[in-house]
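Source file: work_15.csv; contents: CSV, C-alpha atoms.
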```csv
chain,number,residue,atom,x,y,z
A,1,MET,CA,-116.3,-164.9,-120.6
A,2,ALA,CA,-114.2,-163.8,-117.7
A,3,LYS,CA,-110.5,-164.5,-117.5
A,4,GLY,CA,-109.3,-167.5,-115.6
A,5,VAL,CA,-108.2,-171.2,-115.7
A,6,PHE,CA,-110.1,-173.5,-118.0
A,7,ARG,CA,-109.8,-177.2,-118.9
A,8,PHE,CA,-108.7,-178.3,-122.4
A,9,SER,CA,-112.3,-179.6,-123.0
A,10,ASP,CA,-113.6,-176.0,-122.6
A,11,PHE,CA,-111.2,-174.7,-125.3
A,12,LEU,CA,-113.8,-174.4,-128.1
A,13,LYS,CA,-116.4,-172.8,-125.9
A,14,VAL,CA,-113.9,-170.1,-124.7
A,15,TYR,CA,-112.6,-169.7,-128.2
A,16,ASN,CA,-116.0,-169.1,-129.7
A,17,GLN,CA,-116.7,-166.4,-127.2
A,18,ASN,CA,-113.2,-164.8,-127.5
A,19,PRO,CA,-112.0,-164.3,-131.0
A,20,SER,CA,-108.8,-162.8,-129.6
A,21,LEU,CA,-107.6,-166.4,-129.1
A,22,LYS,CA,-107.3,-166.7,-132.9
A,23,SER,CA,-104.1,-164.6,-132.9
A,24,GLY,CA,-102.3,-167.3,-130.9
A,25,CYS,CA,-101.6,-168.9,-127.6
A,26,ILE,CA,-98.3,-169.0,-125.6
A,27,VAL,CA,-97.1,-172.5,-124.6
A,28,ASP,CA,-94.8,-173.4,-121.8
A,29,THR,CA,-92.2,-176.1,-121.3
A,30,SER,CA,-94.5,-178.5,-119.5
A,31,ILE,CA,-97.0,-178.8,-122.4
A,32,LEU,CA,-94.3,-178.9,-125.1
A,33,PHE,CA,-92.6,-181.6,-123.2
A,34,ALA,CA,-95.9,-183.5,-122.7
A,35,TYR,CA,-96.5,-183.3,-126.5
A,36,SER,CA,-93.1,-184.5,-127.3
A,37,TYR,CA,-92.4,-187.3,-124.7
A,38,PRO,CA,-94.7,-190.3,-125.3
A,39,ASN,CA,-94.4,-191.5,-121.7
A,40,ASP,CA,-95.6,-188.3,-120.1
A,41,LEU,CA,-98.8,-188.3,-118.2
A,42,PHE,CA,-100.3,-185.7,-120.4
A,43,ASN,CA,-98.9,-186.9,-123.8
A,44,GLN,CA,-102.2,-188.0,-125.2
A,45,VAL,CA,-104.2,-185.0,-124.1
A,46,ALA,CA,-101.5,-182.6,-125.4
A,47,ILE,CA,-101.6,-184.4,-128.8
A,48,GLU,CA,-105.4,-184.2,-128.9
A,49,LEU,CA,-105.3,-180.4,-128.1
A,50,PHE,CA,-102.6,-179.7,-130.7
A,51,GLU,CA,-104.6,-181.6,-133.3
A,52,TYR,CA,-107.5,-179.4,-132.5
A,53,LEU,CA,-105.4,-176.2,-132.7
A,54,ALA,CA,-104.1,-177.4,-136.0
A,55,GLU,CA,-107.7,-177.6,-137.3
A,56,LEU,CA,-108.5,-174.1,-135.9
A,57,LYS,CA,-105.2,-172.8,-137.3
A,58,ILE,CA,-104.2,-171.2,-134.0
A,59,PRO,CA,-100.5,-170.3,-133.9
A,60,LEU,CA,-98.5,-171.2,-130.8
A,61,GLN,CA,-95.8,-168.9,-129.5
A,62,THR,CA,-93.0,-169.4,-127.1
A,63,ASN,CA,-89.7,-167.8,-126.0
A,64,ALA,CA,-86.3,-169.2,-126.8
A,65,ASN,CA,-85.6,-169.5,-123.1
A,66,ILE,CA,-88.0,-172.4,-122.9
A,67,ARG,CA,-85.5,-174.4,-125.0
A,68,ALA,CA,-83.0,-174.8,-122.1
A,69,GLU,CA,-85.7,-176.1,-119.7
A,70,PHE,CA,-87.1,-178.5,-122.3
A,71,ILE,CA,-83.7,-180.0,-123.2
A,72,ASN,CA,-82.9,-180.4,-119.5
A,73,ASN,CA,-86.2,-182.2,-118.8
A,74,TYR,CA,-85.7,-184.4,-121.8
A,75,PHE,CA,-82.3,-185.5,-120.6
A,76,GLN,CA,-83.6,-186.1,-117.1
A,77,VAL,CA,-86.1,-188.7,-118.4
A,78,LEU,CA,-83.8,-190.2,-121.0
A,79,VAL,CA,-81.2,-191.3,-118.4
A,80,PRO,CA,-83.5,-193.7,-116.4
A,81,GLU,CA,-85.1,-194.9,-119.7
A,82,SER,CA,-81.6,-195.6,-121.2
A,83,LEU,CA,-80.5,-197.4,-118.0
A,84,ASN,CA,-83.6,-199.6,-118.3
A,85,ASP,CA,-82.6,-200.4,-121.9
A,86,LEU,CA,-79.1,-201.4,-120.6
A,87,HIS,CA,-80.7,-203.5,-117.9
A,88,GLN,CA,-82.7,-205.4,-120.4
A,89,MET,CA,-79.7,-206.1,-122.7
A,90,PRO,CA,-79.4,-209.9,-123.0
A,91,GLY,CA,-76.2,-211.3,-121.5
A,92,LEU,CA,-75.1,-208.0,-119.9
A,93,LYS,CA,-71.9,-208.5,-117.9
A,94,CYS,CA,-71.5,-205.9,-115.1
A,95,SER,CA,-70.7,-205.7,-111.4
A,96,GLU,CA,-73.2,-206.7,-108.7
A,97,GLU,CA,-73.3,-203.1,-107.6
A,98,VAL,CA,-74.3,-201.9,-111.1
A,99,ARG,CA,-76.8,-204.8,-111.5
A,100,LYS,CA,-78.5,-204.0,-108.3
A,101,LYS,CA,-78.8,-200.3,-109.2
A,102,LEU,CA,-80.1,-201.2,-112.6
A,103,ALA,CA,-82.7,-203.5,-111.1
A,104,SER,CA,-83.8,-200.8,-108.7
A,105,ASN,CA,-84.1,-198.3,-111.5
A,106,TYR,CA,-86.2,-200.8,-113.5
A,107,THR,CA,-88.6,-201.1,-110.5
A,108,THR,CA,-88.9,-197.4,-109.9
A,109,LEU,CA,-89.4,-196.6,-113.6
A,110,ASN,CA,-92.2,-199.2,-113.9
A,111,GLU,CA,-93.9,-198.0,-110.8
A,112,ALA,CA,-93.8,-194.5,-112.2
A,113,ARG,CA,-95.2,-195.7,-115.5
A,114,LYS,CA,-98.1,-197.4,-113.7
A,115,THR,CA,-99.1,-194.0,-112.3
A,116,GLY,CA,-98.5,-192.4,-115.6
A,117,LYS,CA,-95.9,-190.0,-114.2
A,118,SER,CA,-92.6,-189.2,-116.0
A,119,TYR,CA,-89.6,-190.5,-114.0
A,120,LYS,CA,-87.0,-187.8,-114.1
A,121,PHE,CA,-83.5,-188.0,-112.5
A,122,ASN,CA,-82.5,-185.0,-110.5
A,123,SER,CA,-78.9,-183.8,-110.6
A,124,GLY,CA,-78.0,-185.8,-107.5
A,125,LYS,CA,-79.2,-189.0,-109.1
A,126,ILE,CA,-77.3,-188.2,-112.3
A,127,SER,CA,-74.1,-187.6,-110.3
A,128,GLU,CA,-74.6,-191.0,-108.6
A,129,TRP,CA,-74.6,-192.8,-112.0
A,130,LYS,CA,-71.7,-190.7,-113.2
A,131,GLN,CA,-69.6,-191.9,-110.3
A,132,LEU,CA,-70.7,-195.5,-110.7
A,133,PHE,CA,-69.9,-195.7,-114.4
A,134,ARG,CA,-66.5,-194.0,-113.8
A,135,LYS,CA,-65.5,-196.4,-111.1
A,136,GLY,CA,-62.1,-198.0,-111.9
A,137,ASN,CA,-61.9,-196.4,-115.3
A,138,LEU,CA,-58.6,-196.4,-117.2
A,139,PRO,CA,-57.3,-192.8,-117.9
A,140,THR,CA,-58.2,-193.2,-121.5
A,141,GLN,CA,-61.8,-194.2,-120.8
A,142,ASP,CA,-64.9,-192.6,-119.3
A,143,GLY,CA,-67.8,-194.8,-118.4
A,144,TRP,CA,-70.3,-192.0,-118.1
A,145,PHE,CA,-69.3,-190.5,-121.5
A,146,SER,CA,-69.5,-194.0,-123.1
A,147,PHE,CA,-73.0,-194.5,-121.6
A,148,CYS,CA,-74.2,-191.1,-123.0
A,149,SER,CA,-72.7,-191.7,-126.4
A,150,SER,CA,-74.3,-195.1,-126.5
A,151,TYR,CA,-77.8,-194.0,-125.4
A,152,THR,CA,-78.7,-190.4,-124.9
A,153,ALA,CA,-76.7,-188.7,-127.6
A,154,ALA,CA,-78.7,-189.9,-130.6
A,155,ARG,CA,-82.0,-189.6,-128.7
A,156,MET,CA,-81.4,-186.0,-127.7
A,157,GLU,CA,-80.2,-184.9,-131.1
A,158,GLY,CA,-82.7,-182.7,-132.9
A,159,ILE,CA,-85.5,-183.3,-130.4
A,160,TRP,CA,-86.2,-179.7,-129.8
A,161,GLU,CA,-86.3,-178.9,-133.5
A,162,SER,CA,-88.6,-181.8,-134.3
A,163,THR,CA,-91.0,-180.8,-131.5
A,164,CYS,CA,-91.1,-177.2,-132.6
A,165,ASN,CA,-91.5,-178.2,-136.2
A,166,GLU,CA,-94.5,-180.5,-135.6
A,167,ALA,CA,-96.1,-178.1,-133.1
A,168,GLY,CA,-95.5,-175.2,-135.4
A,169,ILE,CA,-93.9,-173.1,-132.8
A,170,ASN,CA,-93.2,-169.4,-133.4
A,171,PHE,CA,-90.6,-167.6,-131.3
A,172,LEU,CA,-91.2,-164.3,-129.7
A,173,SER,CA,-88.2,-161.9,-129.8
A,174,LEU,CA,-87.7,-159.3,-127.2
A,175,ARG,CA,-85.6,-157.1,-129.4
A,176,GLY,CA,-87.1,-153.6,-129.6
A,177,SER,CA,-88.4,-153.3,-133.1
A,178,GLU,CA,-89.6,-156.9,-133.2
A,179,ALA,CA,-91.1,-156.9,-129.7
A,180,LYS,CA,-93.4,-153.9,-130.4
A,181,ASP,CA,-95.6,-156.2,-132.6
A,182,TRP,CA,-96.7,-158.3,-129.6
A,183,VAL,CA,-95.6,-156.7,-126.4
A,184,VAL,CA,-98.2,-154.6,-124.5
A,185,GLY,CA,-96.3,-152.2,-122.2
A,186,SER,CA,-92.9,-153.6,-121.4
A,187,ILE,CA,-91.3,-156.9,-120.3
A,188,GLU,CA,-88.7,-156.4,-117.6
A,189,TRP,CA,-86.4,-158.7,-115.6
A,190,ALA,CA,-87.4,-156.8,-112.4
A,191,ASP,CA,-90.9,-158.3,-112.9
A,192,VAL,CA,-89.5,-161.8,-113.1
A,193,GLU,CA,-87.8,-161.2,-109.7
A,194,LYS,CA,-91.1,-159.9,-108.3
A,195,ILE,CA,-93.0,-163.0,-109.5
A,196,VAL,CA,-90.5,-165.4,-108.1
A,197,GLY,CA,-90.4,-163.6,-104.8
A,198,SER,CA,-94.1,-163.1,-104.5
A,199,TYR,CA,-95.5,-166.4,-105.7
A,200,GLY,CA,-92.6,-168.8,-105.1
A,201,ILE,CA,-92.4,-170.3,-108.5
A,202,GLY,CA,-89.2,-171.1,-110.5
A,203,SER,CA,-87.5,-168.6,-112.8
A,204,PHE,CA,-88.4,-170.4,-116.0
A,205,ASP,CA,-92.1,-170.3,-115.0
A,206,ALA,CA,-91.9,-166.7,-113.9
A,207,MET,CA,-90.4,-165.8,-117.3
A,208,ILE,CA,-93.3,-167.4,-119.1
A,209,ALA,CA,-95.8,-165.8,-116.8
A,210,ASN,CA,-94.2,-162.4,-117.4
A,211,LEU,CA,-94.1,-163.0,-121.1
A,212,PHE,CA,-97.8,-163.9,-121.2
A,213,ILE,CA,-98.9,-161.0,-119.1
A,214,GLY,CA,-96.8,-158.5,-121.1
A,215,SER,CA,-98.1,-159.8,-124.4
A,216,HIS,CA,-101.3,-159.2,-126.4
A,217,PHE,CA,-101.9,-163.0,-126.6
A,218,ALA,CA,-105.0,-164.1,-124.8
A,219,GLY,CA,-104.2,-167.8,-124.2
A,220,LEU,CA,-101.6,-169.7,-122.2
A,221,ILE,CA,-101.5,-173.5,-122.5
A,222,THR,CA,-99.7,-175.3,-119.7
A,223,ALA,CA,-99.6,-178.6,-117.8
A,224,ASP,CA,-98.2,-176.8,-114.7
A,225,MET,CA,-100.8,-176.0,-112.1
A,226,ASP,CA,-98.4,-173.7,-110.2
A,227,LEU,CA,-97.9,-171.6,-113.3
A,228,ALA,CA,-101.7,-171.6,-114.0
A,229,LYS,CA,-102.6,-170.4,-110.5
A,230,THR,CA,-99.8,-167.7,-110.5
A,231,VAL,CA,-100.8,-166.3,-113.9
A,232,SER,CA,-104.5,-166.4,-113.0
A,233,ARG,CA,-103.7,-164.4,-109.9
A,234,ILE,CA,-101.5,-161.7,-111.6
A,235,SER,CA,-103.2,-161.2,-115.0
A,236,LYS,CA,-105.8,-158.6,-115.7
A,237,GLY,CA,-108.2,-158.3,-118.6
A,238,ASN,CA,-109.0,-161.1,-121.1
A,239,LYS,CA,-106.4,-163.7,-120.3
A,240,PHE,CA,-107.3,-167.4,-120.5
A,241,ILE,CA,-105.2,-170.2,-119.1
A,242,PHE,CA,-105.8,-173.8,-120.4
A,243,ILE,CA,-104.8,-176.9,-118.5
A,244,PRO,CA,-105.4,-180.6,-119.0
A,245,ASP,CA,-108.7,-181.8,-117.6
A,246,ASP,CA,-107.0,-184.3,-115.2
A,247,LEU,CA,-104.4,-181.9,-113.8
B,1,MET,CA,-91.0,-161.1,-133.7
B,2,GLU,CA,-94.6,-161.9,-134.2
B,3,ASN,CA,-94.8,-163.2,-137.8
B,4,LYS,CA,-97.5,-161.9,-140.1
B,5,ASN,CA,-97.9,-165.4,-141.3
B,6,PRO,CA,-97.3,-167.5,-138.2
B,7,LYS,CA,-96.8,-171.2,-138.3
B,8,THR,CA,-99.6,-173.4,-136.8
B,9,PRO,CA,-99.4,-177.0,-135.4
B,10,LYS,CA,-99.2,-179.7,-138.0
B,11,LYS,CA,-101.9,-182.4,-138.1
B,12,GLY,CA,-100.5,-185.8,-137.1
B,13,GLY,CA,-97.4,-184.1,-135.4
B,14,GLY,CA,-97.8,-186.0,-132.1
B,15,ALA,CA,-98.0,-189.4,-133.8
B,16,ARG,CA,-94.9,-188.6,-135.8
B,17,LEU,CA,-93.0,-187.6,-132.7
B,18,LYS,CA,-94.0,-190.9,-131.0
B,19,LYS,CA,-92.7,-192.8,-134.0
B,20,LEU,CA,-89.5,-190.8,-134.0
B,21,PHE,CA,-89.0,-191.6,-130.3
B,22,GLU,CA,-89.5,-195.3,-130.8
B,23,GLU,CA,-87.2,-195.4,-133.9
B,24,LYS,CA,-84.4,-193.6,-132.0
B,25,ARG,CA,-84.9,-196.0,-129.0
B,26,LYS,CA,-84.6,-199.0,-131.2
B,27,ASN,CA,-81.4,-197.7,-132.8
B,28,THR,CA,-79.5,-197.2,-129.5
B,29,ASN,CA,-77.1,-199.9,-128.3
B,30,PRO,CA,-74.2,-199.9,-125.9
B,31,ASN,CA,-70.9,-199.2,-127.5
B,32,PRO,CA,-67.9,-201.6,-127.1
B,33,ASP,CA,-66.2,-199.1,-124.7
B,34,LEU,CA,-69.1,-199.1,-122.3
B,35,LEU,CA,-69.4,-202.9,-122.3
B,36,GLN,CA,-65.6,-203.2,-121.7
B,37,ILE,CA,-65.8,-200.8,-118.8
B,38,LEU,CA,-68.7,-202.7,-117.2
B,39,GLU,CA,-66.9,-206.0,-117.7
B,40,ARG,CA,-63.8,-204.6,-116.0
B,41,GLN,CA,-65.8,-203.3,-113.1
B,42,ARG,CA,-67.2,-206.8,-112.7
B,43,VAL,CA,-63.8,-208.4,-112.7
B,44,ASP,CA,-62.4,-205.8,-110.3
B,45,GLU,CA,-65.4,-206.4,-107.9
B,46,LYS,CA,-64.7,-210.1,-108.0
B,47,GLU,CA,-61.0,-209.6,-107.3
B,48,PHE,CA,-61.9,-207.2,-104.4
B,49,ASP,CA,-64.4,-209.7,-102.9
B,50,LYS,CA,-61.8,-212.5,-103.2
B,51,LYS,CA,-59.1,-210.4,-101.4
B,52,SER,CA,-61.6,-209.3,-98.8
B,53,ALA,CA,-62.6,-213.0,-98.1
B,54,LEU,CA,-58.9,-214.0,-97.8
B,55,THR,CA,-58.2,-211.1,-95.4
B,56,THR,CA,-61.2,-212.1,-93.3
B,57,ASN,CA,-60.1,-215.7,-93.2
B,58,HIS,CA,-56.6,-214.8,-92.3
B,59,LYS,CA,-57.8,-212.4,-89.6
B,60,ASN,CA,-60.2,-215.2,-88.2
B,61,GLN,CA,-57.3,-217.6,-88.1
B,62,LEU,CA,-55.1,-215.1,-86.2
B,63,ASP,CA,-58.0,-214.4,-83.8
B,64,VAL,CA,-58.3,-218.2,-83.0
```
Just give me the structure of the file as structure tokens.
Amino acid sequence: MAKGVFRFSDFLKVYNQNPSLKSGCIVDTSILFAYSYPNDLFNQVAIELFEYLAELKIPLQTNANIRAEFINNYFQVLVPESLNDLHQMPGLKCSEEVRKKLASNYTTLNEARKTGKSYKFNSGKISEWKQLFRKGNLPTQDGWFSFCSSYTAARMEGIWESTCNEAGINFLSLRGSEAKDWVVGSIEWADVEKIVGSYGIGSFDAMIANLFIGSHFAGLITADMDLAKTVSRISKGNKFIFIPDDL
Amino acid sequence: MENKNPKTPKKGGGARLKKLFEEKRKNTNPNPDLLQILERQRVDEKEFDKKSALTTNHKNQLDV
């Protein structure tokens, strides 16, 4: 079977014809996040695929760099979720300004859930809420820190570790003696620059693409179409990219 | 490093993560500091509105 992009439902067919997949697949942030976050559009399909991989005993590999992107994504969805919890608190006393914004967040979050998409706050939206919670604060208080310690602190704690533990993630080290076990050729930062510049994808995605292409692993699992298309374009030889059927 | 005996995904892992997510969500509540800050903002906003209304009234009277 030729290299290329395949749907999750084709995994077994591709696997049966390519025993090289048995040695492991690389996973990116999008699929780890989908597996870990129950309100993600691809949560259920990610769980089903990982159950399948557990049965086939296929190891999953990633790079420690993915952790930063995963943590960032998780915080970006937890803020609107937490604001919604605050909004639904019985007897909440707050200014009209905060109440209106909480109501607007509730509407947007529910609309996003109807379409199945994760509602993530960008940095601008987070700054907006920081300012709002800090409005009129006494010098000894910080409304934003109080919001975070109330809601996001406990929910963020250990989330990466729990996800990696359940998904059985193995970390690929780039250190010389350790890298020689899985690197084919070399993995260079210059190639990451080239991928970003030539294909217009983000640096995290470019790092994963570079890692996959430079490794002996035959499979990449992602819920990111941009990454799938880019890797498919660059990679040579027996490289298979798996994406959700509905992506 | 590629481990000679690499870990593989655990069966039922996704369901356990869902449960963990819900448990953590249930256990989060606003702390007293946050509630106090939100309440003060509400009082400040009312005071501000009252002052604004008075100023507008006063200005209207002067205009007449």
Open item on the list: Counting all atoms listed in the file, a student should be able to say which residues of chain A come within 7 Å of chain B; what is the right answer, written as an MDAnalysis selection string?
Closed with: chainID A and resid 35:36 38 47 50:51 53:54 57:60 93:95 136:137 143 146:147 150:151 154:155 166:173 178:179 181:182
Here's a test: counting all atoms listed in the file, identify every protein, DNA and RNA residue with an atom at most 9 Å from (-92.6, -169.2, -114.2) in the file's coordinate frame, and state them as a PDB file with C-alpha atoms, in the coordinates of the input.
```pdb
ATOM      1  CA  ASP A  28     -94.800-173.400-121.800  1.00  0.00           C
ATOM      2  CA  VAL A 192     -89.500-161.800-113.100  1.00  0.00           C
ATOM      3  CA  ILE A 195     -93.000-163.000-109.500  1.00  0.00           C
ATOM      4  CA  VAL A 196     -90.500-165.400-108.100  1.00  0.00           C
ATOM      5  CA  ILE A 201     -92.400-170.300-108.500  1.00  0.00           C
ATOM      6  CA  GLY A 202     -89.200-171.100-110.500  1.00  0.00           C
ATOM      7  CA  SER A 203     -87.500-168.600-112.800  1.00  0.00           C
ATOM      8  CA  PHE A 204     -88.400-170.400-116.000  1.00  0.00           C
ATOM      9  CA  ASP A 205     -92.100-170.300-115.000  1.00  0.00           C
ATOM     10  CA  ALA A 206     -91.900-166.700-113.900  1.00  0.00           C
ATOM     11  CA  MET A 207     -90.400-165.800-117.300  1.00  0.00           C
ATOM     12  CA  ILE A 208     -93.300-167.400-119.100  1.00  0.00           C
ATOM     13  CA  ALA A 209     -95.800-165.800-116.800  1.00  0.00           C
ATOM     14  CA  ASN A 210     -94.200-162.400-117.400  1.00  0.00           C
ATOM     15  CA  ASP A 226     -98.400-173.700-110.200  1.00  0.00           C
ATOM     16  CA  LEU A 227     -97.900-171.600-113.300  1.00  0.00           C
ATOM     17  CA  THR A 230     -99.800-167.700-110.500  1.00  0.00           C
ATOM     18  CA  VAL A 231    -100.800-166.300-113.900  1.00  0.00           C
TER      19      VAL A 231
END
```
Open item on the list: Counting only C-alpha atoms, I want the residues whose atoms come within 10 Å of (-100.7, -181.2, -125.7) in the file frame, returned as a VMD selection string.
Closed with: (chain A and resid 8 27 30 to 36 42 to 53 167 221 to 223 243 to 244) or (chain B and resid 14)
Open item on the list: List the spatial neighbours of A:Phe6 as a list in words - criterion: any atom at most 8 Å away, only C-alpha atoms, same-chain residues fewer than 5 positions off excluded.
Closed with: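 Here the qualifying residues turn out to be Phe11, Phe240, Ile241, Phe242 and Ile243 of chain A.
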TODO: Using atom CA of A:Ala190 and atom CA of A:Thr29 as the two end points, give the distance in Å to one decimal.
DONE: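 Spanning atom CA of A:Ala190 to atom CA of A:Thr29 is a straight-line distance of 21.8 Å.
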TODO: Select, from A:Ile26, A:Ala228, A:Leu174, A:Val184, the residue with the minimum atom-to-atom distance to A:His216, counting only C-alpha atoms.
DONE: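 Closest to A:His216, using only C-alpha atoms: A:Val184.
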Complete the atom set of stretch 198-221 of chain A to N, CA and C atoms and return it as an mmCIF file, in the coordinates of the input.
```cif
data_model
loop_
_atom_site.group_PDB
_atom_site.id
_atom_site.type_symbol
_atom_site.label_atom_id
_atom_site.label_comp_id
_atom_site.auth_asym_id
_atom_site.auth_seq_id
_atom_site.Cartn_x
_atom_site.Cartn_y
_atom_site.Cartn_z
ATOM 1 N N SER A 198 -92.775 -163.189 -104.990
ATOM 2 C CA SER A 198 -94.100 -163.100 -104.500
ATOM 3 C C SER A 198 -94.939 -164.361 -104.529
ATOM 4 N N TYR A 199 -94.649 -165.191 -105.537
ATOM 5 C CA TYR A 199 -95.500 -166.400 -105.700
ATOM 6 C C TYR A 199 -94.733 -167.697 -105.570
ATOM 7 N N GLY A 200 -93.417 -167.608 -105.360
ATOM 8 C CA GLY A 200 -92.600 -168.800 -105.100
ATOM 9 C C GLY A 200 -92.590 -169.820 -106.177
ATOM 10 N N ILE A 201 -92.511 -169.354 -107.420
ATOM 11 C CA ILE A 201 -92.400 -170.300 -108.500
ATOM 12 C C ILE A 201 -90.954 -170.173 -109.111
ATOM 13 N N GLY A 202 -90.546 -171.123 -109.942
ATOM 14 C CA GLY A 202 -89.200 -171.100 -110.500
ATOM 15 C C GLY A 202 -89.044 -169.997 -111.542
ATOM 16 N N SER A 203 -87.785 -169.682 -111.863
ATOM 17 C CA SER A 203 -87.500 -168.600 -112.800
ATOM 18 C C SER A 203 -88.010 -168.811 -114.188
ATOM 19 N N PHE A 204 -87.950 -170.091 -114.641
ATOM 20 C CA PHE A 204 -88.400 -170.400 -116.000
ATOM 21 C C PHE A 204 -89.952 -170.106 -116.071
ATOM 22 N N ASP A 205 -90.666 -170.564 -115.042
ATOM 23 C CA ASP A 205 -92.100 -170.300 -115.000
ATOM 24 C C ASP A 205 -92.423 -168.852 -114.898
ATOM 25 N N ALA A 206 -91.627 -168.162 -114.092
ATOM 26 C CA ALA A 206 -91.900 -166.700 -113.900
ATOM 27 C C ALA A 206 -91.629 -165.969 -115.226
ATOM 28 N N MET A 207 -90.649 -166.437 -116.011
ATOM 29 C CA MET A 207 -90.400 -165.800 -117.300
ATOM 30 C C MET A 207 -91.578 -165.943 -118.240
ATOM 31 N N ILE A 208 -92.150 -167.153 -118.242
ATOM 32 C CA ILE A 208 -93.300 -167.400 -119.100
ATOM 33 C C ILE A 208 -94.511 -166.591 -118.643
ATOM 34 N N ALA A 209 -94.688 -166.544 -117.310
ATOM 35 C CA ALA A 209 -95.800 -165.800 -116.800
ATOM 36 C C ALA A 209 -95.655 -164.297 -117.169
ATOM 37 N N ASN A 210 -94.449 -163.774 -117.042
ATOM 38 C CA ASN A 210 -94.200 -162.400 -117.400
ATOM 39 C C ASN A 210 -94.387 -162.104 -118.858
ATOM 40 N N LEU A 211 -93.951 -163.071 -119.673
ATOM 41 C CA LEU A 211 -94.100 -163.000 -121.100
ATOM 42 C C LEU A 211 -95.572 -162.907 -121.510
ATOM 43 N N PHE A 212 -96.334 -163.802 -120.908
ATOM 44 C CA PHE A 212 -97.800 -163.900 -121.200
ATOM 45 C C PHE A 212 -98.502 -162.625 -120.800
ATOM 46 N N ILE A 213 -98.214 -162.193 -119.587
ATOM 47 C CA ILE A 213 -98.900 -161.000 -119.100
ATOM 48 C C ILE A 213 -98.547 -159.753 -119.874
ATOM 49 N N GLY A 214 -97.297 -159.704 -120.303
ATOM 50 C CA GLY A 214 -96.800 -158.500 -121.100
ATOM 51 C C GLY A 214 -97.152 -158.593 -122.541
ATOM 52 N N SER A 215 -97.828 -159.650 -122.984
ATOM 53 C CA SER A 215 -98.100 -159.800 -124.400
ATOM 54 C C SER A 215 -99.567 -159.499 -124.725
ATOM 55 N N HIS A 216 -99.868 -159.386 -126.022
ATOM 56 C CA HIS A 216 -101.300 -159.200 -126.400
ATOM 57 C C HIS A 216 -101.996 -160.533 -126.553
ATOM 58 N N PHE A 217 -101.265 -161.661 -126.390
ATOM 59 C CA PHE A 217 -101.900 -163.000 -126.600
ATOM 60 C C PHE A 217 -102.866 -163.257 -125.419
ATOM 61 N N ALA A 218 -104.009 -163.844 -125.780
ATOM 62 C CA ALA A 218 -105.000 -164.100 -124.800
ATOM 63 C C ALA A 218 -104.954 -165.437 -124.105
ATOM 64 N N GLY A 219 -104.257 -166.389 -124.739
ATOM 65 C CA GLY A 219 -104.200 -167.800 -124.200
ATOM 66 C C GLY A 219 -102.875 -168.246 -123.788
ATOM 67 N N LEU A 220 -102.857 -168.983 -122.678
ATOM 68 C CA LEU A 220 -101.600 -169.700 -122.200
ATOM 69 C C LEU A 220 -102.014 -171.145 -122.055
ATOM 70 N N ILE A 221 -101.196 -172.035 -122.634
ATOM 71 C CA ILE A 221 -101.500 -173.500 -122.500
ATOM 72 C C ILE A 221 -100.332 -174.074 -121.675
#
```
